[in-house]
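Structure, as structure tokens:
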Amino acid sequence: NIGVGTCNVMGTATTMAAVAEMLGFALPGSALQGAASHTRRQLARQAGAQIVANVKAGLRPQDLVTGHSLENAFRVVTALGGSTNAVIHLEAIAGRAGLDIGPDRFGRWSAETPYVANVRPGGALLLADLDEAGGIPAVVNSIRHLIHTQAPTATGRSWDEVLAERVFGGHPALAPARAPLSGRGALVMLRGNLAPRGAVLKAAGTHDPALQQHRGRAVVFDGIADLNARIDDPDLDVDKDSILVLRGMGVLGAPGMPEVGHIPIPAKLHRQGVRDMVRLSDARMSGTSTGTVVLHITPEAAAGGPLGLLRTGDEIELGVAAGTIRHFIPEAELAAREPFRNPQHPARGFAWLHQRLVLQPDAGCDFDFLRARFQGTGAGTAPGGRTDMQAPQSPAYSGDGR
């Protein structure tokens with residue numbers, strides 16, 4: 001199980017390969033094949049031939065990114081227990097096509113979609129096992145009652161046609177939709193006064209179920225240097241019920257939103273046997289990471305979000321079932337607190353451009369000038385007759401508060 005290629009677990013790379021299949025950018029069944037396998041070489045030849053055919057047919061990527069294909073992609077990701085990073089990538093892809101998804105729609109799709117892939121890090125087996133079960137087409141078949149199966153694949157044929165040609169048997173790597181690993185998808189969208197425009201948690205993998213409804217005292221770290229300096233300090237005022245907060249690591253504050261949101265358990269608690277705690281951050285984390293970790297808190301601290309007003313000792317409550325993340329600080333006290341200062345102050349060049357024009361996670365962390373702008377032909381439509389998924393627009397921010 002060790003070789004070339006990406007991780008043999010459901011990390012970000014394989015998650016996005018599954019997204020590529022669902023959007024029609026990759027051949028059906030291609031995401032999970034072993035990198036050095038004979039089948040992978042065959043798929044490479046088929047992909048080349050399909051590219052030529054699609055160019056001759058005038059099929060363009062923008063024709064494939066529709067409301068239905070984006071919904072299909074996210075439903076498969078959350079059924080797989082895929083990477084939280086997919087939420088940002090899908091929103092960015094949607095924005096390039098003139099569409100918006102939004103945390104509420106992501107939340108509804110996840111709540112309706114069963115989690116069925118028994119592969120690591122959320123399950124017990126490996127991607128090679130899921131490939132043996134039939135790969136992404138088998139996952140699509142398992143939840144096909146929720147999939148827009150008329151949507152085209154990279155071959156130009158619909159998912160209905162692709163599935164009709166395949167036979168799927170039972171396999172331990174794939175739970176049936178009627179008896180899933182969980183009745184809801186693995187990616188949980190959260191909102192509340194601590195994340196007015198959304199946050200995400202992966203409720204699959206190693207975590208303490210008791211923490212899914214939890215209220216605790218915040219222990220706040222301002223940036224990765226502060227975290228590294230204090231997290232293992234034996235005098236750190238923290239216990240197993242505390243909520244660890246890392247801020248200043250978003251797309252503006254870091255800058256670039258690095259994968260540092262998987263805050264380590266303080267050493268003194270780890271020695272006591274604590275293996276999971278509620279952790280909050282405006283950063284991202286690796287698709288291979290698990291635990292009760294709330295990520296992509298939006299707006300981030302450096303954009304003026306409520307996360308930047310927290311202090312150590314504030315009470316925070318996580319409610320996974322209700323999809324909420326909130327604080328209990330009175331409005332008058334919040335207004336009196338000094339706001340978080342964005343540490344980035346570039347005077348020129350790309351960094352200056354980034355600080356002024358990059359968007360928050362609910363808009364895919366893309367540059368605003370790269371998102372498509374169009375005048376729709378009527379309610380619910382977009383250019384080319386595509387389904388418009390327009391959600392309420394994010395508040396307009398200026399300067400470092402974008």
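Naming works like this for the structure tokens: A, B, ... for the chains as they're shown, residue 1 at the start of each chain, ligands 1 onward in shown order.
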
So that each row is one residue of stretch 76-123 of chain A with an atom at most 10 Å from stretch 181-204 of chain A, can you give its shortest atom pair and the distance in Å to one decimal, using only C-alpha atoms, rows by chain and rising number, as a Markdown table?
| residue | atom | partner | partner_atom | distance |
| --- | --- | --- | --- | --- |
| A:Val76 | CA | A:Gly185 | CA | 9.1 |
| A:Val77 | CA | A:Leu187 | CA | 8.3 |
| A:Thr78 | CA | A:Gly185 | CA | 4.8 |
| A:Ala79 | CA | A:Gly185 | CA | 5.4 |
| A:Leu80 | CA | A:Ala186 | CA | 7.5 |
| A:Gly81 | CA | A:Ala186 | CA | 4.9 |
| A:Gly82 | CA | A:Ala186 | CA | 7.5 |
| A:Ser83 | CA | A:Lys202 | CA | 7.8 |
| A:Thr84 | CA | A:Lys202 | CA | 6.6 |
| A:Asn85 | CA | A:Val200 | CA | 9.5 |
| A:Ala86 | CA | A:Leu187 | CA | 9.8 |
| A:Val87 | CA | A:Val200 | CA | 8.3 |
| A:Gly102 | CA | A:Gly198 | CA | 8.5 |
| A:Pro103 | CA | A:Gly198 | CA | 5.8 |
| A:Asp104 | CA | A:Met189 | CA | 7.6 |
| A:Arg105 | CA | A:Met189 | CA | 9.3 |
| A:Phe106 | CA | A:Met189 | CA | 6.9 |
| A:Gly107 | CA | A:Met189 | CA | 5.0 |
| A:Arg108 | CA | A:Met189 | CA | 8.7 |
| A:Trp109 | CA | A:Gly185 | CA | 8.0 |
| A:Ser110 | CA | A:Gly185 | CA | 4.6 |
| A:Ala111 | CA | A:Arg184 | CA | 4.9 |
| A:Glu112 | CA | A:Arg184 | CA | 6.0 |
| A:Thr113 | CA | A:Gly185 | CA | 5.1 |
| A:Pro114 | CA | A:Arg184 | CA | 4.5 |
| A:Tyr115 | CA | A:Gly185 | CA | 4.7 |
| A:Val116 | CA | A:Leu181 | CA | 5.5 |
| A:Ala117 | CA | A:Leu181 | CA | 7.7 |
| A:Asn118 | CA | A:Leu181 | CA | 7.4 |
| A:Arg120 | CA | A:Ala204 | CA | 9.4 |
| A:Pro121 | CA | A:Ala204 | CA | 7.7 |
| A:Gly122 | CA | A:Ala204 | CA | 4.7 |
| A:Gly123 | CA | A:Ala204 | CA | 7.8 |

Polymer residues at most 10 Å from A:Asp232, only C-alpha atoms, same-chain spacing of 4 or more positions, as a VMD selection string: chain A and resid 227 to 228 236 264 to 270

Let's have the selection written as a compact mmCIF listing (two decimals), in the first residue's frame, with C-alpha atoms.
# COMPACT_ATOMS: atom_id res chain seq x y z
CA LEU A 227 0.73 28.60 19.28
CA ASN A 228 4.13 26.95 18.94
CA LEU A 236 -0.71 26.90 30.13
CA PRO A 264 -2.21 19.89 18.60
CA ILE A 265 -3.43 18.69 21.98
CA PRO A 266 -1.38 20.42 24.71
CA ALA A 267 1.40 18.09 25.86
CA LYS A 268 0.31 17.98 29.48
CA LEU A 269 -3.21 16.92 28.48
CA HIS A 270 -1.94 14.40 25.94

As a ChimeraX atom specification, list the residues of stretch 60-218 of chain A assigned to strand (DSSP E) by DSSP on the backbone atoms of this structure. /A:187-192,195-202,213-218

Those residues you just picked out, can you put them in a file as an mmCIF file, in the first residue's frame with N, CA and C atoms?
data_model
loop_
_atom_site.group_PDB
_atom_site.id
_atom_site.type_symbol
_atom_site.label_atom_id
_atom_site.label_comp_id
_atom_site.auth_asym_id
_atom_site.auth_seq_id
_atom_site.Cartn_x
_atom_site.Cartn_y
_atom_site.Cartn_z
ATOM 1 N N LEU A 187 -19.212 16.337 6.126
ATOM 2 C CA LEU A 187 -18.848 17.746 6.251
ATOM 3 C C LEU A 187 -20.040 18.530 6.789
ATOM 4 N N VAL A 188 -19.873 19.087 7.969
ATOM 5 C CA VAL A 188 -20.945 19.810 8.645
ATOM 6 C C VAL A 188 -20.684 21.308 8.535
ATOM 7 N N MET A 189 -21.640 22.039 8.030
ATOM 8 C CA MET A 189 -21.528 23.489 7.945
ATOM 9 C C MET A 189 -22.112 24.105 9.214
ATOM 10 N N LEU A 190 -21.391 25.076 9.752
ATOM 11 C CA LEU A 190 -21.778 25.737 10.999
ATOM 12 C C LEU A 190 -21.959 27.227 10.765
ATOM 13 N N ARG A 191 -22.883 27.829 11.515
ATOM 14 C CA ARG A 191 -23.046 29.272 11.515
ATOM 15 C C ARG A 191 -23.390 29.710 12.927
ATOM 16 N N GLY A 192 -23.246 30.996 13.178
ATOM 17 C CA GLY A 192 -23.568 31.549 14.483
ATOM 18 C C GLY A 192 -22.858 32.872 14.660
ATOM 19 N N ALA A 195 -19.265 32.800 13.692
ATOM 20 C CA ALA A 195 -18.983 32.578 12.266
ATOM 21 C C ALA A 195 -20.206 33.017 11.473
ATOM 22 N N PRO A 196 -20.445 34.325 11.353
ATOM 23 C CA PRO A 196 -21.666 34.809 10.699
ATOM 24 C C PRO A 196 -21.821 34.337 9.257
ATOM 25 N N ARG A 197 -20.697 34.101 8.572
ATOM 26 C CA ARG A 197 -20.783 33.676 7.177
ATOM 27 C C ARG A 197 -20.255 32.257 6.987
ATOM 28 N N GLY A 198 -20.217 31.502 8.076
ATOM 29 C CA GLY A 198 -19.978 30.084 7.950
ATOM 30 C C GLY A 198 -18.640 29.578 8.458
ATOM 31 N N ALA A 199 -18.626 28.277 8.724
ATOM 32 C CA ALA A 199 -17.450 27.510 9.111
ATOM 33 C C ALA A 199 -17.755 26.065 8.773
ATOM 34 N N VAL A 200 -16.745 25.205 8.825
ATOM 35 C CA VAL A 200 -16.941 23.803 8.468
ATOM 36 C C VAL A 200 -16.251 22.904 9.476
ATOM 37 N N LEU A 201 -16.828 21.728 9.707
ATOM 38 C CA LEU A 201 -16.254 20.700 10.574
ATOM 39 C C LEU A 201 -16.438 19.361 9.877
ATOM 40 N N LYS A 202 -15.382 18.519 9.918
ATOM 41 C CA LYS A 202 -15.508 17.170 9.354
ATOM 42 C C LYS A 202 -15.863 16.205 10.474
ATOM 43 N N GLN A 213 -21.554 18.337 21.090
ATOM 44 C CA GLN A 213 -22.337 19.352 21.799
ATOM 45 C C GLN A 213 -21.510 19.722 23.017
ATOM 46 N N HIS A 214 -20.867 20.884 22.947
ATOM 47 C CA HIS A 214 -19.879 21.194 23.978
ATOM 48 C C HIS A 214 -19.795 22.690 24.215
ATOM 49 N N ARG A 215 -19.712 23.061 25.476
ATOM 50 C CA ARG A 215 -19.486 24.449 25.853
ATOM 51 C C ARG A 215 -18.241 24.509 26.720
ATOM 52 N N GLY A 216 -17.349 25.421 26.398
ATOM 53 C CA GLY A 216 -16.098 25.494 27.139
ATOM 54 C C GLY A 216 -15.469 26.864 27.091
ATOM 55 N N ARG A 217 -14.396 26.970 27.794
ATOM 56 C CA ARG A 217 -13.657 28.231 27.943
ATOM 57 C C ARG A 217 -12.573 28.316 26.879
ATOM 58 N N ALA A 218 -12.503 29.454 26.194
ATOM 59 C CA ALA A 218 -11.535 29.640 25.114
ATOM 60 C C ALA A 218 -10.125 29.817 25.646
#

If we count only C-alpha atoms and set the cut-off at 6 Å, which residues sit around stretch 362-365 of chain A, ignoring sequence neighbours fewer than 5 positions away in its own chain? Please answer as a list in words. Ile88, Glu91 and Ala92 of chain A

Would you please give, as a PDB file with N, CA and C atoms, in the first residue's frame, all residues of stretch 138-259 of chain A that DSSP assigns to alpha helix (DSSP H) based on the backbone?
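Listed below is the output, out.pdb:
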ATOM      1  N   ALA A 138     -19.305   3.889  -8.082  1.00  0.00           N
ATOM      2  CA  ALA A 138     -20.035   3.101  -7.081  1.00  0.00           C
ATOM      3  C   ALA A 138     -20.618   3.994  -5.994  1.00  0.00           C
ATOM      4  N   VAL A 139     -19.884   5.041  -5.612  1.00  0.00           N
ATOM      5  CA  VAL A 139     -20.400   5.984  -4.626  1.00  0.00           C
ATOM      6  C   VAL A 139     -21.606   6.727  -5.208  1.00  0.00           C
ATOM      7  N   VAL A 140     -21.482   7.162  -6.451  1.00  0.00           N
ATOM      8  CA  VAL A 140     -22.604   7.828  -7.124  1.00  0.00           C
ATOM      9  C   VAL A 140     -23.816   6.915  -7.162  1.00  0.00           C
ATOM     10  N   ASN A 141     -23.580   5.644  -7.486  1.00  0.00           N
ATOM     11  CA  ASN A 141     -24.693   4.689  -7.549  1.00  0.00           C
ATOM     12  C   ASN A 141     -25.346   4.508  -6.183  1.00  0.00           C
ATOM     13  N   SER A 142     -24.525   4.529  -5.136  1.00  0.00           N
ATOM     14  CA  SER A 142     -25.046   4.342  -3.776  1.00  0.00           C
ATOM     15  C   SER A 142     -25.988   5.466  -3.369  1.00  0.00           C
ATOM     16  N   TRP A 159     -24.451  10.483 -16.337  1.00  0.00           N
ATOM     17  CA  TRP A 159     -24.194   9.514 -15.274  1.00  0.00           C
ATOM     18  C   TRP A 159     -25.183   8.349 -15.351  1.00  0.00           C
ATOM     19  N   ASP A 160     -26.399   8.592 -15.769  1.00  0.00           N
ATOM     20  CA  ASP A 160     -27.360   7.495 -15.967  1.00  0.00           C
ATOM     21  C   ASP A 160     -26.789   6.453 -16.917  1.00  0.00           C
ATOM     22  N   GLU A 161     -26.224   6.908 -18.031  1.00  0.00           N
ATOM     23  CA  GLU A 161     -25.675   5.987 -19.032  1.00  0.00           C
ATOM     24  C   GLU A 161     -24.445   5.265 -18.506  1.00  0.00           C
ATOM     25  N   VAL A 162     -23.589   5.994 -17.807  1.00  0.00           N
ATOM     26  CA  VAL A 162     -22.372   5.379 -17.259  1.00  0.00           C
ATOM     27  C   VAL A 162     -22.726   4.298 -16.243  1.00  0.00           C
ATOM     28  N   LEU A 163     -23.647   4.598 -15.340  1.00  0.00           N
ATOM     29  CA  LEU A 163     -24.012   3.626 -14.299  1.00  0.00           C
ATOM     30  C   LEU A 163     -24.711   2.411 -14.886  1.00  0.00           C
ATOM     31  N   ALA A 164     -25.455   2.606 -15.965  1.00  0.00           N
ATOM     32  CA  ALA A 164     -26.186   1.492 -16.583  1.00  0.00           C
ATOM     33  C   ALA A 164     -25.242   0.434 -17.140  1.00  0.00           C
ATOM     34  N   ILE A 224       0.561  31.320  14.415  1.00  0.00           N
ATOM     35  CA  ILE A 224       1.245  30.040  14.585  1.00  0.00           C
ATOM     36  C   ILE A 224       2.453  30.149  15.507  1.00  0.00           C
ATOM     37  N   ALA A 225       3.129  31.301  15.510  1.00  0.00           N
ATOM     38  CA  ALA A 225       4.285  31.458  16.390  1.00  0.00           C
ATOM     39  C   ALA A 225       3.851  31.435  17.852  1.00  0.00           C
ATOM     40  N   ASP A 226       2.750  32.105  18.153  1.00  0.00           N
ATOM     41  CA  ASP A 226       2.216  32.101  19.515  1.00  0.00           C
ATOM     42  C   ASP A 226       1.794  30.699  19.920  1.00  0.00           C
ATOM     43  N   LEU A 227       1.144  29.981  19.006  1.00  0.00           N
ATOM     44  CA  LEU A 227       0.727  28.602  19.281  1.00  0.00           C
ATOM     45  C   LEU A 227       1.941  27.731  19.590  1.00  0.00           C
ATOM     46  N   ASN A 228       2.948  27.789  18.753  1.00  0.00           N
ATOM     47  CA  ASN A 228       4.128  26.945  18.945  1.00  0.00           C
ATOM     48  C   ASN A 228       4.856  27.279  20.244  1.00  0.00           C
ATOM     49  N   ALA A 229       4.826  28.541  20.623  1.00  0.00           N
ATOM     50  CA  ALA A 229       5.542  28.967  21.828  1.00  0.00           C
ATOM     51  C   ALA A 229       4.857  28.532  23.111  1.00  0.00           C
ATOM     52  N   ARG A 230       3.515  28.394  23.087  1.00  0.00           N
ATOM     53  CA  ARG A 230       2.784  28.184  24.343  1.00  0.00           C
ATOM     54  C   ARG A 230       2.016  26.881  24.465  1.00  0.00           C
TER      55      ARG A 230
END
